[in-house]
Every structure is written in structure tokens, then in C-alpha cells.
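As provided, final-v3.cif (mmCIF, N, CA and C atoms) reads as follows.
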```
data_data
loop_
_atom_site.label_atom_id
_atom_site.label_comp_id
_atom_site.auth_asym_id
_atom_site.auth_seq_id
_atom_site.Cartn_x
_atom_site.Cartn_y
_atom_site.Cartn_z
N MET A 1 0.84 -1.19 0.00
CA MET A 1 0.00 0.00 0.00
C MET A 1 0.88 1.24 0.00
N ASP A 2 0.57 2.15 -0.88
CA ASP A 2 1.27 3.42 -0.94
C ASP A 2 0.95 4.21 0.33
N ILE A 3 1.98 4.78 0.92
CA ILE A 3 1.80 5.49 2.20
C ILE A 3 0.82 6.66 2.10
N LEU A 4 0.68 7.25 0.93
CA LEU A 4 -0.22 8.39 0.79
C LEU A 4 -1.56 8.03 0.16
N SER A 5 -1.85 6.75 0.04
CA SER A 5 -3.08 6.33 -0.64
C SER A 5 -4.35 6.75 0.10
N LYS A 6 -4.26 6.96 1.40
CA LYS A 6 -5.44 7.37 2.18
C LYS A 6 -5.60 8.89 2.25
N LEU A 7 -4.64 9.62 1.73
CA LEU A 7 -4.69 11.08 1.83
C LEU A 7 -5.99 11.66 1.27
N PRO A 8 -6.43 11.31 0.07
CA PRO A 8 -7.68 11.91 -0.44
C PRO A 8 -8.88 11.66 0.47
N GLU A 9 -9.01 10.43 0.93
CA GLU A 9 -10.14 10.06 1.80
C GLU A 9 -10.09 10.83 3.12
N ARG A 10 -8.92 10.85 3.73
CA ARG A 10 -8.78 11.51 5.03
C ARG A 10 -8.92 13.03 4.89
N LEU A 11 -8.37 13.58 3.83
CA LEU A 11 -8.49 15.02 3.61
C LEU A 11 -9.95 15.41 3.46
N ASN A 12 -10.68 14.64 2.68
CA ASN A 12 -12.11 14.90 2.51
C ASN A 12 -12.85 14.79 3.85
N GLU A 13 -12.50 13.79 4.63
CA GLU A 13 -13.14 13.57 5.93
C GLU A 13 -12.91 14.75 6.88
N VAL A 14 -11.67 15.21 6.97
CA VAL A 14 -11.36 16.31 7.90
C VAL A 14 -11.96 17.62 7.40
N MET A 15 -11.91 17.84 6.09
CA MET A 15 -12.54 19.06 5.55
C MET A 15 -14.04 19.06 5.85
N PHE A 16 -14.69 17.90 5.70
CA PHE A 16 -16.12 17.79 6.00
C PHE A 16 -16.39 18.10 7.46
N GLU A 17 -15.58 17.52 8.35
CA GLU A 17 -15.76 17.75 9.79
C GLU A 17 -15.57 19.22 10.15
N LYS A 18 -14.68 19.90 9.43
CA LYS A 18 -14.41 21.31 9.70
C LYS A 18 -15.33 22.22 8.89
N ASN A 19 -16.22 21.61 8.11
CA ASN A 19 -17.18 22.37 7.30
C ASN A 19 -16.49 23.29 6.29
N LEU A 20 -15.43 22.78 5.66
CA LEU A 20 -14.67 23.56 4.69
C LEU A 20 -14.94 23.08 3.27
N THR A 21 -15.26 23.99 2.39
CA THR A 21 -15.38 23.65 0.97
C THR A 21 -13.98 23.65 0.38
N PRO A 22 -13.79 23.01 -0.77
CA PRO A 22 -12.48 23.07 -1.41
C PRO A 22 -12.01 24.50 -1.67
N ALA A 23 -12.94 25.38 -2.04
CA ALA A 23 -12.58 26.77 -2.30
C ALA A 23 -12.11 27.47 -1.03
N GLU A 24 -12.83 27.27 0.07
CA GLU A 24 -12.44 27.89 1.34
C GLU A 24 -11.10 27.35 1.83
N PHE A 25 -10.94 26.03 1.73
CA PHE A 25 -9.71 25.40 2.17
C PHE A 25 -8.53 25.87 1.32
N ALA A 26 -8.73 25.94 0.02
CA ALA A 26 -7.67 26.40 -0.89
C ALA A 26 -7.22 27.81 -0.52
N LYS A 27 -8.16 28.67 -0.23
CA LYS A 27 -7.83 30.05 0.12
C LYS A 27 -6.98 30.08 1.39
N GLN A 28 -7.34 29.27 2.38
CA GLN A 28 -6.60 29.25 3.64
C GLN A 28 -5.21 28.65 3.47
N VAL A 29 -5.09 27.67 2.59
CA VAL A 29 -3.79 27.03 2.35
C VAL A 29 -2.93 27.89 1.45
N GLY A 30 -3.58 28.70 0.59
CA GLY A 30 -2.84 29.57 -0.32
C GLY A 30 -2.56 28.93 -1.67
N VAL A 31 -3.50 28.06 -2.10
CA VAL A 31 -3.38 27.41 -3.40
C VAL A 31 -4.69 27.59 -4.16
N ASP A 32 -4.68 27.22 -5.42
CA ASP A 32 -5.86 27.29 -6.25
C ASP A 32 -6.85 26.19 -5.86
N ARG A 33 -8.13 26.45 -6.02
CA ARG A 33 -9.16 25.46 -5.70
C ARG A 33 -8.96 24.18 -6.48
N ASN A 34 -8.53 24.29 -7.73
CA ASN A 34 -8.30 23.10 -8.55
C ASN A 34 -7.20 22.22 -7.97
N THR A 35 -6.24 22.83 -7.30
CA THR A 35 -5.17 22.06 -6.66
C THR A 35 -5.75 21.19 -5.56
N ILE A 36 -6.62 21.77 -4.73
CA ILE A 36 -7.26 21.00 -3.65
C ILE A 36 -8.13 19.91 -4.25
N THR A 37 -8.84 20.20 -5.32
CA THR A 37 -9.67 19.20 -5.98
C THR A 37 -8.81 18.03 -6.45
N ARG A 38 -7.65 18.32 -6.99
CA ARG A 38 -6.75 17.24 -7.44
C ARG A 38 -6.25 16.41 -6.27
N TYR A 39 -5.98 17.06 -5.13
CA TYR A 39 -5.60 16.31 -3.93
C TYR A 39 -6.73 15.37 -3.51
N LEU A 40 -7.95 15.90 -3.53
CA LEU A 40 -9.12 15.12 -3.11
C LEU A 40 -9.41 13.96 -4.05
N GLN A 41 -9.06 14.11 -5.32
CA GLN A 41 -9.26 13.05 -6.31
C GLN A 41 -8.11 12.06 -6.33
N GLY A 42 -7.03 12.38 -5.64
CA GLY A 42 -5.86 11.50 -5.64
C GLY A 42 -5.03 11.61 -6.90
N VAL A 43 -5.26 12.66 -7.68
CA VAL A 43 -4.55 12.87 -8.93
C VAL A 43 -3.18 13.52 -8.67
N ARG A 44 -3.11 14.26 -7.60
CA ARG A 44 -1.89 15.01 -7.29
C ARG A 44 -1.62 14.93 -5.79
N LEU A 45 -0.34 14.97 -5.43
CA LEU A 45 0.06 15.02 -4.03
C LEU A 45 0.57 16.42 -3.70
N PRO A 46 0.33 16.86 -2.48
CA PRO A 46 0.81 18.20 -2.11
C PRO A 46 2.32 18.24 -1.96
N SER A 47 2.89 19.39 -2.23
CA SER A 47 4.30 19.60 -1.92
C SER A 47 4.44 19.57 -0.40
N PHE A 48 5.64 19.43 0.07
CA PHE A 48 5.87 19.40 1.52
C PHE A 48 5.37 20.70 2.15
N LYS A 49 5.66 21.83 1.52
CA LYS A 49 5.22 23.14 2.03
C LYS A 49 3.70 23.20 2.13
N ASN A 50 3.02 22.76 1.09
CA ASN A 50 1.55 22.78 1.11
C ASN A 50 0.99 21.78 2.11
N PHE A 51 1.65 20.63 2.25
CA PHE A 51 1.20 19.63 3.21
C PHE A 51 1.26 20.19 4.63
N ILE A 52 2.36 20.86 4.96
CA ILE A 52 2.49 21.45 6.30
C ILE A 52 1.43 22.52 6.51
N LYS A 53 1.19 23.34 5.52
CA LYS A 53 0.16 24.38 5.63
C LYS A 53 -1.22 23.75 5.81
N MET A 54 -1.49 22.65 5.10
CA MET A 54 -2.76 21.95 5.25
C MET A 54 -2.93 21.45 6.68
N LEU A 55 -1.87 20.89 7.24
CA LEU A 55 -1.94 20.40 8.63
C LEU A 55 -2.24 21.54 9.59
N GLU A 56 -1.61 22.69 9.35
CA GLU A 56 -1.85 23.85 10.21
C GLU A 56 -3.30 24.31 10.11
N VAL A 57 -3.80 24.42 8.90
CA VAL A 57 -5.17 24.90 8.69
C VAL A 57 -6.18 23.92 9.30
N LEU A 58 -5.94 22.64 9.11
CA LEU A 58 -6.86 21.62 9.60
C LEU A 58 -6.66 21.27 11.07
N ASN A 59 -5.54 21.71 11.64
CA ASN A 59 -5.18 21.35 13.01
C ASN A 59 -5.27 19.83 13.15
N CYS A 60 -4.54 19.15 12.28
CA CYS A 60 -4.65 17.71 12.14
C CYS A 60 -3.27 17.07 12.19
N SER A 61 -3.21 15.85 12.63
CA SER A 61 -1.98 15.06 12.68
C SER A 61 -1.61 14.56 11.28
N ALA A 62 -0.34 14.66 10.93
CA ALA A 62 0.14 14.12 9.66
C ALA A 62 -0.09 12.61 9.61
N ASP A 63 0.14 11.93 10.73
CA ASP A 63 -0.05 10.48 10.78
C ASP A 63 -1.49 10.09 10.42
N PHE A 64 -2.45 10.85 10.93
CA PHE A 64 -3.84 10.56 10.61
C PHE A 64 -4.13 10.87 9.15
N LEU A 65 -3.68 12.03 8.68
CA LEU A 65 -4.01 12.46 7.32
C LEU A 65 -3.47 11.51 6.26
N VAL A 66 -2.32 10.91 6.49
CA VAL A 66 -1.77 9.98 5.49
C VAL A 66 -2.15 8.52 5.77
N GLY A 67 -2.87 8.26 6.85
CA GLY A 67 -3.37 6.93 7.11
C GLY A 67 -2.49 6.03 7.95
N LEU A 68 -1.52 6.58 8.65
CA LEU A 68 -0.67 5.76 9.52
C LEU A 68 -1.37 5.37 10.81
N ILE A 69 -2.31 6.20 11.25
CA ILE A 69 -3.14 5.88 12.40
C ILE A 69 -4.60 6.03 11.99
N ASP A 70 -5.48 5.31 12.66
CA ASP A 70 -6.88 5.30 12.25
C ASP A 70 -7.75 6.36 12.90
N PHE A 71 -7.31 6.91 14.02
CA PHE A 71 -8.10 7.91 14.70
C PHE A 71 -7.24 9.13 14.97
N PRO A 72 -7.79 10.32 14.79
CA PRO A 72 -6.99 11.50 15.10
C PRO A 72 -6.66 11.54 16.58
N PRO A 73 -5.44 11.93 16.93
CA PRO A 73 -5.09 12.03 18.34
C PRO A 73 -5.98 13.05 19.04
N ALA A 74 -6.27 12.80 20.32
CA ALA A 74 -7.06 13.75 21.10
C ALA A 74 -6.25 15.02 21.31
N ASN A 75 -6.91 16.14 21.17
CA ASN A 75 -6.22 17.44 21.35
C ASN A 75 -6.10 17.80 22.79
#
```
C-alpha cells encoding of this file:
Amino acid sequence: MDILSKLPERLNEVMFEKNLTPAEFAKQVGVDRNTITRYLQGVRLPSFKNFIKMLEVLNCSADFLVGLIDFPPAN
């Protein structure tokens, strides 16, 4: 299994929980909406810089977002 294969599913899940549309999330991350759409479709992977920004915006664990753990750590 590719380590990032769960990224689209988890990204969609966390965005849904945070009530963020792709357009809103893209604006907060500082990328185009189409870029976020490609991440959600699994067509493209974020750069390291964008990945870190996504984690900051989502207040989410990298381990959860890429599928290394099944539940987000308690804050």
C-alpha cells in the first residue's frame, strides 16, 4: 500500500468535519481550488510546504491524514 493512498479520503473527511469547501480550504492554504480538488481526487500530491500548511489549517496530525493511524489524536 502506498503510504499516501489514504490522503484523499482523510483530507475529505477532515474538511467535511471542519465544514470547509475546497474553495475555502484552498484560500486558507494559499493554493488554487483546482489544486485541492486534485488532492481530493488523488490525482496530485501536495508539496511538503503545502502539506504542512494543510496540517496547520486543519489542526490535524500528519499520521492521521496519510493513514498511519486510524483515529486523530485527542487534542
Item to check | Nearest candidate to Glu9 of chain A (options A:Ile36, A:Val31, A:Val66, A:Leu58; using only C-alpha atoms) | outcome: A:Val66
Item to check | Sel. within 12 Å of pt (-5.8, 24.2, 11.1), counting only C-alpha atoms, output as a VMD selection string | outcome: chain A and resid 14 to 15 17 to 18 20 25 28 to 29 51 to 62
Given the PyMOL selection byres ((chain A and resi 7) around 7), the residues it picks as a PDB file with N, CA and C atoms, in the frame of the given file:
```pdb
ATOM      1  N   ILE A   3       1.980   4.780   0.920  1.00  0.00           N
ATOM      2  CA  ILE A   3       1.800   5.490   2.200  1.00  0.00           C
ATOM      3  C   ILE A   3       0.820   6.660   2.100  1.00  0.00           C
ATOM      4  N   LEU A   4       0.680   7.250   0.930  1.00  0.00           N
ATOM      5  CA  LEU A   4      -0.220   8.390   0.790  1.00  0.00           C
ATOM      6  C   LEU A   4      -1.560   8.030   0.160  1.00  0.00           C
ATOM      7  N   SER A   5      -1.850   6.750   0.040  1.00  0.00           N
ATOM      8  CA  SER A   5      -3.080   6.330  -0.640  1.00  0.00           C
ATOM      9  C   SER A   5      -4.350   6.750   0.100  1.00  0.00           C
ATOM     10  N   LYS A   6      -4.260   6.960   1.400  1.00  0.00           N
ATOM     11  CA  LYS A   6      -5.440   7.370   2.180  1.00  0.00           C
ATOM     12  C   LYS A   6      -5.600   8.890   2.250  1.00  0.00           C
ATOM     13  N   PRO A   8      -6.430  11.310   0.070  1.00  0.00           N
ATOM     14  CA  PRO A   8      -7.680  11.910  -0.440  1.00  0.00           C
ATOM     15  C   PRO A   8      -8.880  11.660   0.470  1.00  0.00           C
ATOM     16  N   GLU A   9      -9.010  10.430   0.930  1.00  0.00           N
ATOM     17  CA  GLU A   9     -10.140  10.060   1.800  1.00  0.00           C
ATOM     18  C   GLU A   9     -10.090  10.830   3.120  1.00  0.00           C
ATOM     19  N   ARG A  10      -8.920  10.850   3.730  1.00  0.00           N
ATOM     20  CA  ARG A  10      -8.780  11.510   5.030  1.00  0.00           C
ATOM     21  C   ARG A  10      -8.920  13.030   4.890  1.00  0.00           C
ATOM     22  N   LEU A  11      -8.370  13.580   3.830  1.00  0.00           N
ATOM     23  CA  LEU A  11      -8.490  15.020   3.610  1.00  0.00           C
ATOM     24  C   LEU A  11      -9.950  15.410   3.460  1.00  0.00           C
ATOM     25  N   ASN A  12     -10.680  14.640   2.680  1.00  0.00           N
ATOM     26  CA  ASN A  12     -12.110  14.900   2.510  1.00  0.00           C
ATOM     27  C   ASN A  12     -12.850  14.790   3.850  1.00  0.00           C
ATOM     28  N   TYR A  39      -5.980  17.060  -5.130  1.00  0.00           N
ATOM     29  CA  TYR A  39      -5.600  16.310  -3.930  1.00  0.00           C
ATOM     30  C   TYR A  39      -6.730  15.370  -3.510  1.00  0.00           C
ATOM     31  N   LEU A  40      -7.950  15.900  -3.530  1.00  0.00           N
ATOM     32  CA  LEU A  40      -9.120  15.120  -3.110  1.00  0.00           C
ATOM     33  C   LEU A  40      -9.410  13.960  -4.050  1.00  0.00           C
ATOM     34  N   GLY A  42      -7.030  12.380  -5.640  1.00  0.00           N
ATOM     35  CA  GLY A  42      -5.860  11.500  -5.640  1.00  0.00           C
ATOM     36  C   GLY A  42      -5.030  11.610  -6.900  1.00  0.00           C
ATOM     37  N   LEU A  65      -3.680  12.030   8.680  1.00  0.00           N
ATOM     38  CA  LEU A  65      -4.010  12.460   7.320  1.00  0.00           C
ATOM     39  C   LEU A  65      -3.470  11.510   6.260  1.00  0.00           C
ATOM     40  N   VAL A  66      -2.320  10.910   6.490  1.00  0.00           N
ATOM     41  CA  VAL A  66      -1.770   9.980   5.490  1.00  0.00           C
ATOM     42  C   VAL A  66      -2.150   8.520   5.770  1.00  0.00           C
ATOM     43  N   GLY A  67      -2.870   8.260   6.850  1.00  0.00           N
ATOM     44  CA  GLY A  67      -3.370   6.930   7.110  1.00  0.00           C
ATOM     45  C   GLY A  67      -2.490   6.030   7.950  1.00  0.00           C
TER      46      GLY A  67
END
```
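Closest approach to Thr21 of chain A among A:Gln41, A:Leu68, A:Lys49, A:Arg33: A:Arg33, based on only N, CA and C atoms.
Atom C of Phe48 of chain A is positioned 14.2 Å from atom N of Asp32 of chain A.
We find atom CA of Ala23 of chain A and atom CA of Thr37 of chain A to be spaced 8.9 Å apart.
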Checklist entry - Suppose you want the space between atom C of Asp70 of chain A and atom N of Asn50 of chain A; what is it in Å? => result 22.9 Å
Next on the checklist: as JSON, numbers by chain, please: every residue in chain A that a backbone DSSP assignment puts in helix (DSSP H, G or I).
Outcome noted: {"A": [7, 8, 9, 10, 11, 12, 13, 14, 15, 16, 17, 22, 23, 24, 25, 26, 27, 28, 29, 33, 34, 35, 36, 37, 38, 39, 40, 41, 48, 49, 50, 51, 52, 53, 54, 55, 56, 57, 58, 62, 63, 64, 65, 66]}
Build an axis-aligned box that encloses every atom of segment 12-20 of chain A listed in the file, pad it by 8 Å on each side, and report its centre and edge lengths in Å to one decimal, as JSON.
```
{"center_x": -13.9, "center_y": 18.6, "center_z": 6.3, "size_x": 22.5, "size_y": 26.0, "size_z": 23.6}
```
